[in-house]
Amino acid sequence: MREEINRLMELQTIDRQLMELELSLSSIAGRVDLLREQTQTNQKELDRLTEQDAEIVATRKKAERELAEGEVRIRNKRMRLTLIRNEKELQALSHEIETLKDTNLRVESELMATLEGADERTARVKELTEAITKGRAELAEAEKEIAAEVDALKASIRERRRSREQVAGNVEANLLSRYQMIFSRRAGVAVALAKGGTCQGCRMRLPPQLYNEIQKHLAIHFCPNCQRVLYYEG
Ligand SMILES: [Zn+2]
């Protein structure tokens with residue numbers, strides 16, 4: 001039984017190494033993911049601003065065209081004004097001119113409104129464009145930097161997994177699945193030392209009879225409190 005325990009402890013060592021390797025791998029990838037996310041967020045905002053800008057430019061062009069057309073109309077009507085002698089027609093035409101003037105004033109203020117916030121938008125576009133360029137360079141650099149690290153980690157993980165398979169293959173199936181369950185539930189400690197009558201995994205005092213049995217190494221024993229596999233170092 002001592003051999004079985006030794007295999008479990010070996011398994012636990014490998015599993016902990018695997019856990020650490022996988023953690024390193026995800027934290028390294030996390031750094032790159034973060035850079036990628038930031039650049040994507042910036043790109044989205046830039047796209048939105050660019051789209052907004054295009055809409056504003058279209059609105060401005062339309063307003064400018066309307067304004068120019070309005071002015072031509074006013075000019076034409078003013079010319080006609082000089083030719084008309086009929087008082088009623090004169091009044092009607094004057095009224096038309098006033099209406100056109102009002103319309104032009106309204107279009108003019110629309111045109112002014114399109115200029116509002118333009119400087120802020122331009123500044124933000126510049127800021128975002130720079131951040132994106134910088135972010136992309138950083139991302140490429142980080143990807144290059146971690147590539148070797150990632151490869152090395154993946155190779156270590158593969159190698160450790162092979163060792164794990166070998167060791168696990170020699171552990172009895174029920175014990176193995178029990179071990180795996182405890183390992184994942186007890187933060188990577190599935191095998192604990194029984195010392196001075198106490199489980200070193202959870203610090204719980206063990207029943208004296210159980211403690212005696214553990215010392216004999218005749219069977220696999222579990223802590224009644226934390227369910228860990230217990231072993232004794234004589
Ligand atoms: Zn315990």
# chains A, B, ... in the order shown; residues from 1 in each chain; ligands from 1
>>> residues_near_ligand(ligand="ligand 1", cutoff="12 Å", atoms="only C-alpha atoms and all ligand atoms", output="PyMOL selection string")
chain A and resi 182+186+189-195+197-207+211+221-231
>>> select_by_dssp(residues="range 54-220 of chain A", states="helix (DSSP H, G or I)", output="ChimeraX atom specification")
/A:54-83,87-115,118-169,173-185,208-216
>>> atom_distance(atom1="CA of Ala131 in chain A", atom2="CA of Arg31 in chain A")
17.0 Å
>>> atom_distance(atom1="CA of Ala58 in chain A", atom2="CA of Ile97 in chain A")
27.1 Å
>>> closest_residue(among="A:Glu96, A:Glu233, A:Glu3, A:Glu10", to="Lys77 in chain A", atoms="only C-alpha atoms")
A:Glu96
>>> residues_around(residues="Leu139 in chain A", least_positions_apart="5", cutoff="8 Å", atoms="only C-alpha atoms", output="MDAnalysis selection string")
chainID A and resid 32 35:36
>>> closest_residue(among="A:Arg178, A:Arg121, A:Arg158, A:Arg2", to="Gln52 in chain A", atoms="only C-alpha atoms")
A:Arg121
>>> atom_distance(atom1="CA of Glu143 in chain A", atom2="CA of Glu127 in chain A")
23.9 Å
>>> closest_residue(among="A:Glu4, A:Ala118, A:Ala123, A:Lys144", to="Ala54 in chain A", atoms="only C-alpha atoms")
A:Ala118
>>> closest_residue(among="A:Arg16, A:Ile5, A:Asp119, A:Glu22", to="Ile157 in chain A", atoms="only C-alpha atoms")
A:Glu22
>>> select_by_dssp(residues="range 9-199 of chain A", states="strand (DSSP E or B)", output="PyMOL selection string")
chain A and resi 191-195+198-199
>>> closest_residue(among="A:Leu81, A:Thr99, A:Gln40, A:Leu111", to="Glu66 in chain A", atoms="only C-alpha atoms")
A:Leu111
>>> closest_residue(among="A:Leu11, A:Leu67, A:Ile56, A:Met1", to="Glu165 in chain A", atoms="only C-alpha atoms")
A:Leu11
>>> residues_around(residues="Leu175 in chain A", least_positions_apart="4", cutoff="10 Å", atoms="only C-alpha atoms", output="ChimeraX atom specification")
/A:4,8,171,179-181,220,229
>>> residues_around(residues="range 59-63 of chain A", least_positions_apart="4", cutoff="10 Å", atoms="only C-alpha atoms", output="number ranges by chain")
A: 53-55, 67-69, 104, 106-115
>>> decode(residues="range 153-164 of chain A", atoms="N, CA and C atoms", output="PDB file, in the first residue's frame")
ATOM      1  N   LEU A 153       6.301  26.127 -22.809  1.00  0.00           N
ATOM      2  CA  LEU A 153       5.292  25.711 -21.822  1.00  0.00           C
ATOM      3  C   LEU A 153       4.453  24.551 -22.351  1.00  0.00           C
ATOM      4  N   LYS A 154       4.079  24.659 -23.626  1.00  0.00           N
ATOM      5  CA  LYS A 154       3.250  23.602 -24.218  1.00  0.00           C
ATOM      6  C   LYS A 154       4.022  22.283 -24.271  1.00  0.00           C
ATOM      7  N   ALA A 155       5.311  22.380 -24.585  1.00  0.00           N
ATOM      8  CA  ALA A 155       6.139  21.171 -24.623  1.00  0.00           C
ATOM      9  C   ALA A 155       6.226  20.555 -23.231  1.00  0.00           C
ATOM     10  N   SER A 156       6.433  21.400 -22.204  1.00  0.00           N
ATOM     11  CA  SER A 156       6.500  20.890 -20.823  1.00  0.00           C
ATOM     12  C   SER A 156       5.187  20.225 -20.441  1.00  0.00           C
ATOM     13  N   ILE A 157       4.088  20.855 -20.834  1.00  0.00           N
ATOM     14  CA  ILE A 157       2.770  20.307 -20.504  1.00  0.00           C
ATOM     15  C   ILE A 157       2.583  18.939 -21.164  1.00  0.00           C
ATOM     16  N   ARG A 158       2.956  18.857 -22.435  1.00  0.00           N
ATOM     17  CA  ARG A 158       2.849  17.557 -23.141  1.00  0.00           C
ATOM     18  C   ARG A 158       3.668  16.484 -22.427  1.00  0.00           C
ATOM     19  N   GLU A 159       4.885  16.873 -22.073  1.00  0.00           N
ATOM     20  CA  GLU A 159       5.802  15.920 -21.431  1.00  0.00           C
ATOM     21  C   GLU A 159       5.241  15.468 -20.073  1.00  0.00           C
ATOM     22  N   ARG A 160       4.734  16.441 -19.302  1.00  0.00           N
ATOM     23  CA  ARG A 160       4.162  16.126 -17.998  1.00  0.00           C
ATOM     24  C   ARG A 160       2.915  15.251 -18.125  1.00  0.00           C
ATOM     25  N   ARG A 161       2.144  15.497 -19.185  1.00  0.00           N
ATOM     26  CA  ARG A 161       0.924  14.695 -19.390  1.00  0.00           C
ATOM     27  C   ARG A 161       1.271  13.250 -19.683  1.00  0.00           C
ATOM     28  N   ARG A 162       2.350  13.069 -20.446  1.00  0.00           N
ATOM     29  CA  ARG A 162       2.791  11.698 -20.738  1.00  0.00           C
ATOM     30  C   ARG A 162       3.200  10.991 -19.447  1.00  0.00           C
ATOM     31  N   SER A 163       3.984  11.689 -18.615  1.00  0.00           N
ATOM     32  CA  SER A 163       4.395  11.089 -17.341  1.00  0.00           C
ATOM     33  C   SER A 163       3.181  10.750 -16.499  1.00  0.00           C
ATOM     34  N   ARG A 164       2.228  11.682 -16.519  1.00  0.00           N
ATOM     35  CA  ARG A 164       1.031  11.493 -15.711  1.00  0.00           C
ATOM     36  C   ARG A 164       0.281  10.225 -16.134  1.00  0.00           C
TER      37      ARG A 164
END
